[in-house]
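*Asks:* This is the content of run_3.txt (compact mmCIF, C-alpha atoms):
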# COMPACT_ATOMS: atom_id res chain seq x y z
CA MET V 38 -84.03 24.92 57.72
CA GLY V 39 -87.03 23.06 59.18
CA GLU V 40 -90.27 24.55 60.38
CA ILE V 41 -90.44 26.13 63.82
CA PRO V 42 -92.74 24.19 66.19
CA THR V 43 -94.64 26.54 68.45
CA ALA V 44 -93.64 26.87 72.08
CA ARG V 45 -97.10 25.73 73.16
CA TRP V 46 -96.94 22.62 70.94
CA LEU V 47 -93.57 21.60 72.40
CA ALA V 48 -94.55 22.44 75.98
CA GLU V 49 -97.61 20.19 75.75
CA LYS V 50 -95.33 17.24 74.99
CA ILE V 51 -93.00 17.79 77.98
CA THR V 52 -94.35 16.49 81.28
CA ASN V 53 -91.20 16.62 83.47
CA ARG V 54 -90.35 20.30 83.71
CA THR V 55 -87.05 20.09 85.49
CA GLN V 56 -83.84 20.83 83.60
CA ARG V 57 -83.07 17.11 83.26
CA GLY V 58 -86.66 16.27 82.36
CA ILE V 59 -86.83 18.88 79.60
CA ALA V 60 -83.57 17.60 78.12
CA LEU V 61 -84.55 13.91 78.33
CA GLU V 62 -88.04 14.36 76.93
CA THR V 63 -86.87 16.61 74.11
CA SER V 64 -84.21 14.05 73.14
CA ALA V 65 -86.92 11.37 73.20
CA LEU V 66 -89.00 13.45 70.76
CA VAL V 67 -85.97 13.62 68.46
CA ARG V 68 -85.34 9.87 68.72
CA ALA V 69 -88.97 9.17 67.86
CA GLY V 70 -88.92 11.54 64.89
CA VAL V 71 -91.60 13.78 66.40
CA LEU V 72 -89.03 16.59 66.23
CA PRO V 73 -87.43 15.91 62.81
CA VAL V 74 -83.86 16.79 61.99
CA GLY V 75 -83.72 20.39 60.81
CA SER V 76 -86.60 21.51 63.02
CA ARG V 77 -85.98 24.94 64.46
CA LEU V 78 -86.82 25.13 68.15
CA PRO V 79 -88.90 27.92 69.66
CA ALA V 80 -87.20 30.78 71.49
CA ILE V 81 -86.06 29.93 75.00
CA ARG V 82 -88.17 32.66 76.63
CA ASP V 83 -91.31 31.56 74.78
CA LEU V 84 -90.86 27.92 75.73
CA ALA V 85 -90.03 28.81 79.34
CA TYR V 86 -93.27 30.83 79.56
CA GLU V 87 -95.36 27.93 78.24
CA LEU V 88 -93.64 25.46 80.56
CA GLY V 89 -93.96 27.73 83.58
CA VAL V 90 -90.22 27.61 84.33
CA SER V 91 -87.38 30.11 84.25
CA PRO V 92 -85.52 30.76 80.97
CA ALA V 93 -82.36 29.57 82.76
CA THR V 94 -83.89 26.11 83.21
CA VAL V 95 -84.59 25.75 79.49
CA SER V 96 -81.17 27.20 78.62
CA GLU V 97 -79.41 24.63 80.81
CA ALA V 98 -81.49 21.83 79.29
CA TRP V 99 -80.50 23.01 75.81
CA SER V 100 -76.84 23.04 76.92
CA ASP V 101 -77.16 19.36 77.86
CA LEU V 102 -78.55 18.58 74.40
CA ARG V 103 -75.78 20.54 72.68
CA ARG V 104 -73.16 18.52 74.53
CA GLN V 105 -74.83 15.38 73.18
CA LYS V 106 -74.88 16.95 69.69
CA ILE V 107 -78.66 16.56 69.51
CA ILE V 108 -79.20 20.27 68.88
CA THR V 109 -76.99 23.04 67.58
CA GLY V 110 -76.92 26.83 67.41
CA ARG V 111 -77.61 29.46 70.02
CA GLY V 112 -78.54 33.09 70.55
CA ARG V 113 -80.13 35.20 67.81
CA ASN V 114 -79.35 32.63 65.14
CA GLY V 115 -81.78 30.18 66.70
CA THR V 116 -81.48 26.57 67.78
CA TRP V 117 -82.40 23.51 65.73
CA VAL V 118 -82.23 19.71 65.69
CA SER V 119 -78.91 18.85 64.10
CA GLY V 120 -77.28 16.02 62.17
CA GLU V 121 -78.52 13.82 59.34
CA ARG V 122 -80.17 11.58 61.91
CA PHE V 123 -80.06 10.99 65.63
CA VAL V 124 -77.80 8.05 66.43
CA ALA V 125 -76.76 7.06 69.92
CA LYS V 126 -73.06 6.25 69.97
CA PRO V 127 -70.22 6.11 72.48
CA GLU V 128 -68.79 9.58 71.84
CA ARG V 129 -65.55 9.12 73.80
CA LEU V 130 -64.71 5.79 72.19
CA ALA V 131 -66.01 6.76 68.74
CA SER V 132 -63.74 9.80 68.58
CA SER V 133 -60.64 7.63 68.91
CA GLY V 134 -58.69 7.57 65.65
CA ASN V 135 -57.60 4.90 63.22
CA TYR V 136 -53.96 5.30 62.34
CA ALA V 137 -52.00 4.67 59.17
CA ASP V 138 -48.98 2.43 58.81
CA GLY V 139 -45.86 3.91 60.34
CA VAL V 140 -47.67 5.41 63.33
CA LEU V 141 -46.61 4.10 66.72
CA ASP V 142 -50.08 3.42 68.09
CA LEU V 143 -50.06 3.68 71.88
CA SER V 144 -53.75 4.53 72.05
CA MET V 145 -55.18 1.03 72.50
CA ALA V 146 -54.71 -0.55 75.94
CA VAL V 147 -55.59 -4.01 74.66
CA PRO V 148 -53.91 -7.40 74.99
CA ASP V 149 -51.08 -8.44 72.70
CA VAL V 150 -52.71 -11.17 70.58
CA THR V 151 -49.45 -13.14 70.58
CA LEU V 152 -49.72 -13.50 74.37
CA LEU V 153 -53.30 -14.80 74.49
CA PRO V 154 -53.88 -18.53 75.13
CA ARG V 155 -54.84 -20.87 72.31
CA LEU V 156 -58.53 -21.61 72.01
CA ASP V 157 -58.61 -24.71 69.80
CA LYS V 158 -58.81 -27.32 72.58
CA ALA V 159 -61.21 -25.20 74.59
CA LEU V 160 -63.57 -24.80 71.64
CA ALA V 161 -63.42 -28.51 70.84
CA HIS V 162 -64.42 -29.21 74.44
CA ALA V 163 -67.19 -26.61 74.21
CA ALA V 164 -68.92 -28.41 71.34
CA ASN V 165 -70.13 -30.97 73.87
CA VAL V 166 -71.63 -28.55 76.38
CA SER V 167 -74.98 -29.60 77.81
CA ASP V 168 -78.16 -28.02 76.39
CA LEU V 169 -76.33 -26.88 73.26
CA ASN V 170 -78.65 -24.94 70.90
CA SER V 171 -81.45 -24.82 73.44
CA TYR V 172 -83.57 -21.66 73.45
CA GLU V 173 -83.81 -21.77 77.22
CA ARG V 174 -82.61 -18.45 78.62
CA SER V 175 -80.12 -19.87 81.08
CA ARG V 176 -78.00 -17.60 83.28
CA ILE V 177 -74.73 -19.54 83.46
CA VAL V 178 -73.71 -23.10 82.65
CA PRO V 179 -72.85 -25.14 85.77
CA GLU V 180 -69.32 -25.87 84.50
CA LEU V 181 -68.45 -22.17 84.31
CA ARG V 182 -70.12 -21.39 87.63
CA ASP V 183 -68.01 -24.06 89.34
CA ALA V 184 -64.82 -22.84 87.64
CA VAL V 185 -65.23 -19.19 88.64
CA MET V 186 -66.17 -20.00 92.24
CA ALA V 187 -62.63 -21.19 92.94
CA GLU V 188 -61.23 -17.64 92.77
CA TRP V 189 -64.32 -15.49 93.34
CA PRO V 190 -63.70 -12.92 96.11
CA TYR V 191 -66.86 -13.78 98.06
CA VAL V 192 -69.73 -16.29 98.03
CA PRO V 193 -72.65 -14.67 96.16
CA GLU V 194 -76.24 -15.82 95.88
CA ALA V 195 -76.25 -15.90 92.08
CA PHE V 196 -74.09 -15.69 88.95
CA LEU V 197 -74.78 -14.55 85.40
CA ALA V 198 -72.68 -14.94 82.24
CA THR V 199 -72.70 -11.93 79.89
CA ASN V 200 -71.20 -11.00 76.53
CA GLY V 201 -68.12 -9.24 77.90
CA GLY V 202 -67.37 -6.79 80.69
CA TYR V 203 -68.78 -3.62 79.15
CA ASN V 204 -71.90 -5.51 78.12
CA ALA V 205 -72.24 -6.49 81.77
CA VAL V 206 -71.93 -2.88 82.93
CA TYR V 207 -74.29 -1.61 80.23
CA THR V 208 -76.91 -4.24 81.00
CA THR V 209 -76.60 -3.70 84.75
CA VAL V 210 -77.06 0.06 84.66
CA ARG V 211 -79.88 -0.17 82.12
CA ALA V 212 -81.69 -2.77 84.21
CA LEU V 213 -81.20 -1.12 87.59
CA LEU V 214 -80.82 2.65 87.11
CA MET V 215 -83.22 5.29 85.86
CA PRO V 216 -82.32 8.11 83.45
CA GLY V 217 -81.73 11.27 85.45
CA SER V 218 -80.47 9.43 88.53
CA VAL V 219 -77.10 10.19 90.13
CA VAL V 220 -74.09 7.88 89.76
CA ALA V 221 -70.80 8.30 91.64
CA ILE V 222 -67.75 7.03 89.78
CA GLU V 223 -64.04 7.26 90.46
CA HIS V 224 -61.97 9.93 88.71
CA PRO V 225 -60.44 9.13 86.30
CA THR V 226 -62.21 6.07 84.92
CA ALA V 227 -62.55 4.03 81.74
CA MET V 228 -63.92 6.15 78.91
CA ARG V 229 -66.36 3.40 77.92
CA LEU V 230 -67.87 3.50 81.40
CA LEU V 231 -68.45 7.23 80.97
CA ASP V 232 -69.95 6.61 77.52
CA ILE V 233 -72.39 4.10 79.01
CA LEU V 234 -73.46 6.45 81.80
CA GLU V 235 -73.71 9.49 79.56
CA ASP V 236 -75.84 7.59 77.07
CA LEU V 237 -78.22 6.59 79.88
CA GLY V 238 -78.58 10.24 80.85
CA VAL V 239 -77.53 9.99 84.48
CA ARG V 240 -75.83 12.77 86.42
CA ILE V 241 -72.23 11.74 87.04
CA VAL V 242 -70.53 12.70 90.30
CA PRO V 243 -66.74 12.13 90.23
CA VAL V 244 -64.97 10.55 93.20
CA VAL V 245 -61.33 11.65 93.29
CA SER V 246 -58.77 8.85 93.63
CA ASP V 247 -55.19 8.62 94.83
CA MET V 248 -52.63 5.81 94.77
CA HIS V 249 -54.74 3.75 97.20
CA GLY V 250 -58.07 4.13 95.38
CA PRO V 251 -61.12 6.40 95.73
CA THR V 252 -60.48 8.79 98.62
CA PRO V 253 -62.78 8.59 101.66
CA ALA V 254 -63.33 12.36 101.73
CA SER V 255 -64.39 12.49 98.09
CA LEU V 256 -66.71 9.48 98.47
CA ARG V 257 -68.35 11.06 101.52
CA GLU V 258 -68.90 14.24 99.53
CA ALA V 259 -70.36 12.29 96.60
CA LEU V 260 -72.77 10.43 98.87
CA LYS V 261 -74.32 13.77 99.86
CA GLU V 262 -75.83 13.73 96.37
CA ARG V 263 -77.61 10.47 97.25
CA PRO V 264 -76.31 8.50 94.24
CA ALA V 265 -78.24 5.50 93.02
CA ALA V 266 -74.92 3.70 92.42
CA PHE V 267 -71.18 3.88 93.06
CA LEU V 268 -69.07 2.36 90.26
CA PHE V 269 -65.37 1.64 90.73
CA GLN V 270 -62.52 -0.71 89.75
CA PRO V 271 -61.17 -2.22 92.97
CA ARG V 272 -58.64 -4.79 91.75
CA LEU V 273 -56.81 -2.95 88.98
CA HIS V 274 -57.70 0.46 87.61
CA SER V 275 -57.73 0.24 83.81
CA VAL V 276 -56.39 3.80 83.38
CA THR V 277 -53.95 4.47 86.21
CA GLY V 278 -52.86 0.91 87.00
CA GLN V 279 -53.61 1.38 90.71
CA THR V 280 -55.08 -1.23 93.04
CA VAL V 281 -57.38 -0.32 95.91
CA SER V 282 -55.51 -1.21 99.11
CA ALA V 283 -57.07 -3.45 101.76
CA GLU V 284 -57.16 -0.54 104.21
CA ARG V 285 -58.89 1.69 101.66
CA MET V 286 -61.44 -1.03 100.86
CA ASP V 287 -62.30 -1.19 104.57
CA GLU V 288 -62.68 2.60 104.70
CA LEU V 289 -64.90 2.64 101.62
CA GLY V 290 -67.02 -0.11 103.13
CA GLN V 291 -67.50 1.83 106.35
CA ILE V 292 -68.57 4.93 104.41
CA LEU V 293 -70.92 3.01 102.11
CA ALA V 294 -72.59 1.42 105.15
CA GLY V 295 -74.33 4.74 105.64
CA SER V 296 -75.72 4.73 102.10
CA ASP V 297 -78.17 2.58 100.15
CA ALA V 298 -76.30 3.06 96.86
CA LEU V 299 -75.85 0.11 94.54
CA ILE V 300 -72.16 -0.90 94.48
CA ILE V 301 -70.87 -1.88 91.02
CA GLU V 302 -67.36 -3.37 90.94
CA ASP V 303 -65.72 -3.60 87.52
CA ASP V 304 -62.81 -6.07 87.34
CA GLY V 305 -62.16 -5.54 83.66
CA ILE V 306 -58.46 -6.42 83.64
CA GLY V 307 -58.76 -9.65 85.60
CA ASP V 308 -55.69 -11.81 86.11
CA ILE V 309 -53.42 -9.40 84.28
CA SER V 310 -53.25 -8.07 87.82
CA SER V 311 -51.12 -10.03 90.27
CA ALA V 312 -53.40 -8.87 93.10
CA ARG V 313 -56.04 -11.19 94.50
CA PRO V 314 -59.66 -10.44 93.51
CA VAL V 315 -61.38 -8.16 96.05
CA SER V 316 -64.98 -7.18 96.65
CA LEU V 317 -67.35 -5.49 99.07
CA GLY V 318 -69.83 -8.25 98.29
CA SER V 319 -69.26 -10.05 101.59
CA HIS V 320 -70.24 -6.84 103.44
CA PHE V 321 -73.11 -5.78 101.17
CA PRO V 322 -74.33 -8.94 99.40
CA ASP V 323 -77.79 -7.49 98.67
CA ARG V 324 -76.50 -4.49 96.69
CA THR V 325 -73.09 -5.37 95.30
CA VAL V 326 -72.69 -6.26 91.63
CA HIS V 327 -69.25 -7.75 90.94
CA ILE V 328 -68.17 -8.05 87.28
CA LEU V 329 -65.15 -10.01 86.04
CA SER V 330 -64.22 -9.92 82.35
CA TYR V 331 -62.05 -12.54 80.64
CA SER V 332 -61.40 -10.51 77.47
CA LYS V 333 -57.99 -9.14 78.44
CA THR V 334 -56.66 -12.44 79.81
CA HIS V 335 -58.24 -15.16 77.67
CA GLY V 336 -59.33 -13.38 74.50
CA PRO V 337 -61.86 -10.73 73.43
CA ASP V 338 -63.58 -13.14 71.04
CA LEU V 339 -64.66 -15.26 73.97
CA ARG V 340 -67.08 -12.34 74.56
CA LEU V 341 -67.39 -13.40 78.17
CA ALA V 342 -67.72 -11.87 81.61
CA VAL V 343 -69.31 -13.21 84.77
CA VAL V 344 -71.52 -11.13 87.08
CA SER V 345 -72.40 -11.94 90.68
CA SER V 346 -74.96 -10.38 93.01
CA SER V 347 -78.06 -11.19 95.00
CA SER V 348 -80.65 -13.45 93.38
CA ALA V 349 -83.06 -10.51 93.12
CA ILE V 350 -80.58 -8.28 91.28
CA ILE V 351 -79.45 -11.04 88.93
CA GLU V 352 -83.10 -11.72 88.14
CA GLN V 353 -83.61 -8.02 87.30
CA ILE V 354 -80.60 -8.01 84.98
CA GLN V 355 -81.66 -11.26 83.34
CA SER V 356 -85.19 -9.92 82.83
CA TYR V 357 -83.75 -6.91 81.01
CA ARG V 358 -81.62 -9.22 78.83
CA ALA V 359 -84.79 -11.06 77.79
CA PHE V 360 -85.50 -8.15 75.42
CA SER V 361 -82.33 -8.94 73.45
CA ALA V 362 -79.93 -11.89 73.38
CA GLY V 363 -81.44 -13.56 76.43
CA TRP V 364 -78.37 -15.65 77.18
CA THR V 365 -74.66 -15.87 76.47
CA SER V 366 -73.40 -18.62 74.16
CA ARG V 367 -73.12 -21.87 76.09
CA MET V 368 -70.22 -22.88 73.84
CA LEU V 369 -68.25 -19.80 74.82
CA GLN V 370 -69.09 -20.34 78.47
CA ALA V 371 -67.88 -23.95 78.30
CA ALA V 372 -64.72 -22.87 76.48
CA ALA V 373 -63.96 -20.32 79.21
CA ALA V 374 -64.60 -22.93 81.90
CA TRP V 375 -62.13 -25.28 80.22
CA LEU V 376 -59.50 -22.53 79.99
CA LEU V 377 -59.91 -21.58 83.64
CA GLN V 378 -59.11 -25.14 84.70
CA ASP V 379 -56.29 -25.80 82.20
CA GLU V 380 -52.75 -25.60 83.63
CA GLU V 381 -51.18 -24.66 80.30
CA THR V 382 -53.58 -21.73 79.99
CA SER V 383 -52.80 -20.64 83.56
CA ASP V 384 -49.10 -20.65 82.68
CA SER V 385 -49.83 -18.63 79.53
CA VAL V 386 -51.76 -15.99 81.51
CA ALA V 387 -48.97 -15.78 84.09
CA LYS V 388 -46.36 -15.34 81.36
CA ALA V 389 -48.42 -12.59 79.70
CA ARG V 390 -48.84 -10.84 83.06
CA SER V 391 -45.06 -10.80 83.54
CA ILE V 392 -44.43 -9.45 80.04
CA TYR V 393 -47.06 -6.70 80.39
CA GLN V 394 -45.52 -5.66 83.69
CA ALA V 395 -42.03 -5.56 82.17
CA ARG V 396 -43.22 -3.41 79.25
CA ARG V 397 -45.03 -0.99 81.55
CA ASP V 398 -42.08 -0.79 83.93
CA ARG V 399 -39.64 -0.21 81.10
CA LEU V 400 -41.48 2.82 79.74
CA ALA V 401 -41.97 4.14 83.28
CA LEU V 402 -38.21 3.81 83.87
CA GLU V 403 -37.40 5.54 80.57
CA LEU V 404 -39.73 8.40 81.47
CA SER V 405 -38.30 8.64 84.97
CA GLY V 406 -34.86 9.04 83.44
CA ARG V 407 -36.26 12.03 81.55
CA GLY V 408 -37.74 13.61 84.67
CA ILE V 409 -41.34 12.36 84.29
CA GLN V 410 -42.78 10.40 87.20
CA THR V 411 -45.75 8.08 86.67
CA PRO V 412 -47.77 6.14 89.26
CA ALA V 413 -46.43 2.72 90.21
CA GLY V 414 -48.80 -0.07 89.34
CA SER V 415 -49.54 -2.68 86.70
CA GLY V 416 -51.79 -3.31 83.76
CA LEU V 417 -51.75 -2.30 80.11
CA CYS V 418 -50.95 1.43 80.20
CA LEU V 419 -49.35 4.39 81.95
CA TRP V 420 -51.06 7.55 83.23
CA VAL V 421 -48.61 10.29 82.25
CA PRO V 422 -48.85 13.87 83.60
CA VAL V 423 -48.50 16.76 81.11
CA GLU V 424 -48.87 20.52 81.35
CA SER V 425 -51.22 20.77 78.38
CA GLU V 426 -53.10 17.91 76.76
CA PRO V 427 -53.64 19.69 73.41
CA PHE V 428 -49.96 20.64 73.17
CA ALA V 429 -48.90 17.11 74.10
CA MET V 430 -51.23 15.51 71.56
CA VAL V 431 -50.03 17.77 68.74
CA THR V 432 -46.39 17.24 69.68
CA LEU V 433 -46.75 13.45 69.65
CA ALA V 434 -48.82 13.43 66.46
CA ALA V 435 -46.06 15.39 64.71
CA ARG V 436 -43.75 12.50 65.62
CA ASN V 437 -46.21 9.83 64.41
CA ILE V 438 -47.10 8.66 67.91
CA ALA V 439 -50.75 8.19 68.92
CA VAL V 440 -51.96 8.27 72.52
CA VAL V 441 -55.26 9.23 74.21
CA PRO V 442 -55.79 12.53 76.05
CA GLY V 443 -56.71 12.19 79.71
CA GLY V 444 -59.85 14.25 79.22
CA LYS V 445 -61.56 11.24 77.64
CA PHE V 446 -61.39 9.47 81.00
CA SER V 447 -62.96 12.18 83.14
CA ILE V 448 -65.67 14.79 83.40
CA LEU V 449 -63.21 16.96 85.35
CA PRO V 450 -60.30 18.94 83.89
CA SER V 451 -57.35 16.69 83.09
CA HIS V 452 -53.64 17.14 82.50
CA HIS V 453 -52.63 13.61 81.54
CA LEU V 454 -52.11 11.20 78.67
CA ARG V 455 -53.14 7.56 78.70
CA VAL V 456 -50.23 5.72 77.04
CA ALA V 457 -50.79 2.06 76.20
CA THR V 458 -47.81 -0.18 76.94
CA SER V 459 -49.27 -3.64 76.32
CA ARG V 460 -47.89 -3.93 72.78
CA LEU V 461 -44.81 -1.74 73.22
CA SER V 462 -42.23 -4.46 72.70
CA ASP V 463 -39.70 -2.13 71.08
CA ARG V 464 -39.32 1.61 70.25
CA CYS V 465 -39.64 2.31 73.99
CA ALA V 466 -36.82 4.89 74.08
CA GLU V 467 -38.29 6.63 71.02
CA ALA V 468 -41.68 6.87 72.74
CA ALA V 469 -40.10 8.21 75.93
CA ASP V 470 -38.14 10.88 74.01
CA ALA V 471 -41.32 12.08 72.31
CA ILE V 472 -43.35 12.09 75.52
CA ALA V 473 -40.62 14.08 77.24
CA LEU V 474 -40.91 16.73 74.53
CA ALA V 475 -44.69 16.75 74.93
CA HIS V 476 -44.57 16.87 78.74
CA ARG V 477 -43.97 20.62 79.07
CA LEU V 478 -45.09 23.63 77.05
Would you put the structure from the file into structure tokens?
*Replies:*
Amino acid sequence: MGEIPTARWLAEKITNRTQRGIALETSALVRAGVLPVGSRLPAIRDLAYELGVSPATVSEAWSDLRRQKIITGRGRNGTWVSGERFVAKPERLASSGNYADGVLDLSMAVPDVTLLPRLDKALAHAANVSDLNSYERSRIVPELRDAVMAEWPYVPEAFLATNGGYNAVYTTVRALLMPGSVVAIEHPTAMRLLDILEDLGVRIVPVVSDMHGPTPASLREALKERPAAFLFQPRLHSVTGQTVSAERMDELGQILAGSDALIIEDDGIGDISSARPVSLGSHFPDRTVHILSYSKTHGPDLRLAVVSSSSAIIEQIQSYRAFSAGWTSRMLQAAAAWLLQDEETSDSVAKARSIYQARRDRLALELSGRGIQTPAGSGLCLWVPVESEPFAMVTLAARNIAVVPGGKFSILPSHHLRVATSRLSDRCAEAADAIALAHRL
């Protein structure tokens, strides 16, 4: 057990004495090693007295840090800095399992590698990209900019190439949002989006969705919290497979007109959707960030997504990137540009889209025949209702079937499973039988 720092010593190092501020600044002390692992923290009442706040404020701050596994313990046994070391990691993604041979793994909603287009010709073309091996921190090569413009849902002021869709979201929120700010996000959502926001330390406000997208009533309620940003997936929801309808997009636009929130649109599935790309960028060009990833359609090793927004916002994001990579590989950008203009690749993407839809529809039909209804849609997975997530997970695990509990995709209570269908080319009836057993207690 480590030494106990005095309440006065710790209070002197905390300048923001709100609940969020106490949690953020204490975690920063742990990150910096000022509060070493094993340090026992002073009693809540003593620290509250020195800070001039209520014990409840400190207690709630400590609860935040427990959820992040930064501290452990409570009550008479004391509280201390836990773990061998403090390491930031995506908790929701990191807790996903690796499964042995013989397990039917329906946990990964990723593309079937046999359906991805070939890259050999694209990479050969890319070797001749202009400014190859230059250290200039360029935003996007002209060839890729011209290729994406053909299908972009609006005409933006500026584009930026990034190292994949989640890298684009991570960089955007880090560049534009402050820790402790409020972010509205649709419920449910991709677990990696929640990981990114939770790691930043923002307060997440869920926006309930239905078959047409985020509901107007829930968005209006969320905007009362004055969020710094609203993040959603308009073209194809990666968890539920829903697409925001044109009417709903208009409604959302009318509601957001009364807010100054940044609008972040994540098109992470891309042309696996048969729907046309959509955006609020034409209505709010100065505060919309539209992100399109090519990982699911053209290959994750392309490590490529394209971001559009105003020139000022793109400049802010690029300035943040200057601390790290600075630019995305021009070779990979040129390869993506070649693929986007190649007819054979377009045919390959269309074929994959049809196969993914057939696989999803087949499992949905099998489940329907067993009395389980799932939302109509497309994409790489099904959102399956269950009475109890723990019971369902145990039941499926006993039958060597791996899925992901719905709770990983929400900060609200969940009664669902996310079942990946993208690689379910056979054993569909077996999966449906097991899910039917897991559906009810």
*Asks:* Looking at V:Arg211, V:Gly416, V:Asn170, V:Pro243, which one is nearest to Asp304 in chain V, with distances taken over all atoms listed in the file?
*Replies:* V:Gly416
*Asks:* When you look at Leu376 in chain V with a cut-off of 12 Å (counting only C-alpha atoms), what residues show up, excluding the ones that are within fewer than 6 positions of it in the same chain? I need them as a PyMOL selection string.
*Replies:* chain V and resi 153-163+180-181+184-185+331+334-336+339+369-370+382-386
*Asks:* Quick one: residues within 9 Å of Glu403 in chain V, only C-alpha atoms, excluding same-chain residues fewer than 2 positions away - as number ranges by chain?
*Replies:* V: 398-401, 405-407, 409, 465-466, 469-470
*Asks:* Which is closer to Ser119 in chain V than all the others in V:Val67, V:Leu449, V:Leu317, V:Met215, using all atoms listed in the file?
*Replies:*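 Comparing V:Val67, V:Leu449, V:Leu317, V:Met215 against Ser119 in chain V, the winner is V:Val67.
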*Asks:* Provide the CA of Ser282 in chain V to CA of Val210 in chain V distance in Å, to one decimal place.
*Replies:*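 Between CA of Ser282 in chain V and CA of Val210 in chain V the gap is 26.0 Å.
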*Asks:* What's the separation between CA of Ala342 in chain V and CA of His224 in chain V, in Å to one decimal place?
*Replies:*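 Result for CA of Ala342 in chain V versus CA of His224 in chain V: 23.6 Å, one decimal.
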*Asks:* Can you pull out the residues contacting range 247-259 of chain V? Cut-off 9 Å, using all atoms listed in the file, and skip same-chain residues under 2 positions away; I want them as a VMD selection string.
*Replies:* chain V and resid 220 to 224 242 to 245 261 to 264 267 269 to 271 274 277 279 to 286 288 to 289 292 to 293 412 to 414
*Asks:* Need the shell around range 456-463 of chain V: protein/DNA/RNA residues with any atom at most 8 Å away, counting all atoms listed in the file. Skip same-chain ones fewer than 6 positions apart. Format as a PyMOL selection string?
*Replies:* chain V and resi 143-149+393+396-397+400+416-421+440-441
*Asks:* Quick one: of V:Asp168, V:Asp138, V:Glu97, V:Glu87, who's nearest to Arg367 in chain V, counting all atoms listed in the file?
*Replies:* V:Asp168
*Asks:* May I ask for the distance between CA of Ala187 in chain V and CA of Ser330 in chain V, given in Å to one decimal place?
*Replies:*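 Distance reported for this atom pair: 15.5 Å.
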*Asks:* List the neighbours of Pro92 in chain V out to 12 Å using only C-alpha atoms; skip same-chain residues closer than 2 positions along the sequence, and give me the result as an MDAnalysis selection string.
*Replies:* chainID V and resid 54:56 80:90 94:99
*Asks:* Using all atoms listed in the file, pick whichever of V:Ile472, V:Ala298, V:Ile233, V:Ile309 has the shortest atom-to-atom distance to Arg272 in chain V.
*Replies:*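 Nearest candidate to Arg272 in chain V out of V:Ile472, V:Ala298, V:Ile233, V:Ile309: V:Ile309.
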*Asks:* Using only C-alpha atoms, can you tell me which of V:Ala44, V:Arg390, V:Glu49, V:Ser246 comes closest to Arg77 in chain V?
*Replies:*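 Between V:Ala44, V:Arg390, V:Glu49, V:Ser246, the residue approaching Arg77 in chain V most closely is V:Ala44.
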*Asks:* Nearest to Ser275 in chain V among V:Arg455, V:Thr208, V:Ile438, V:Pro127, with distances taken over only C-alpha atoms: which residue is it?
*Replies:* V:Arg455
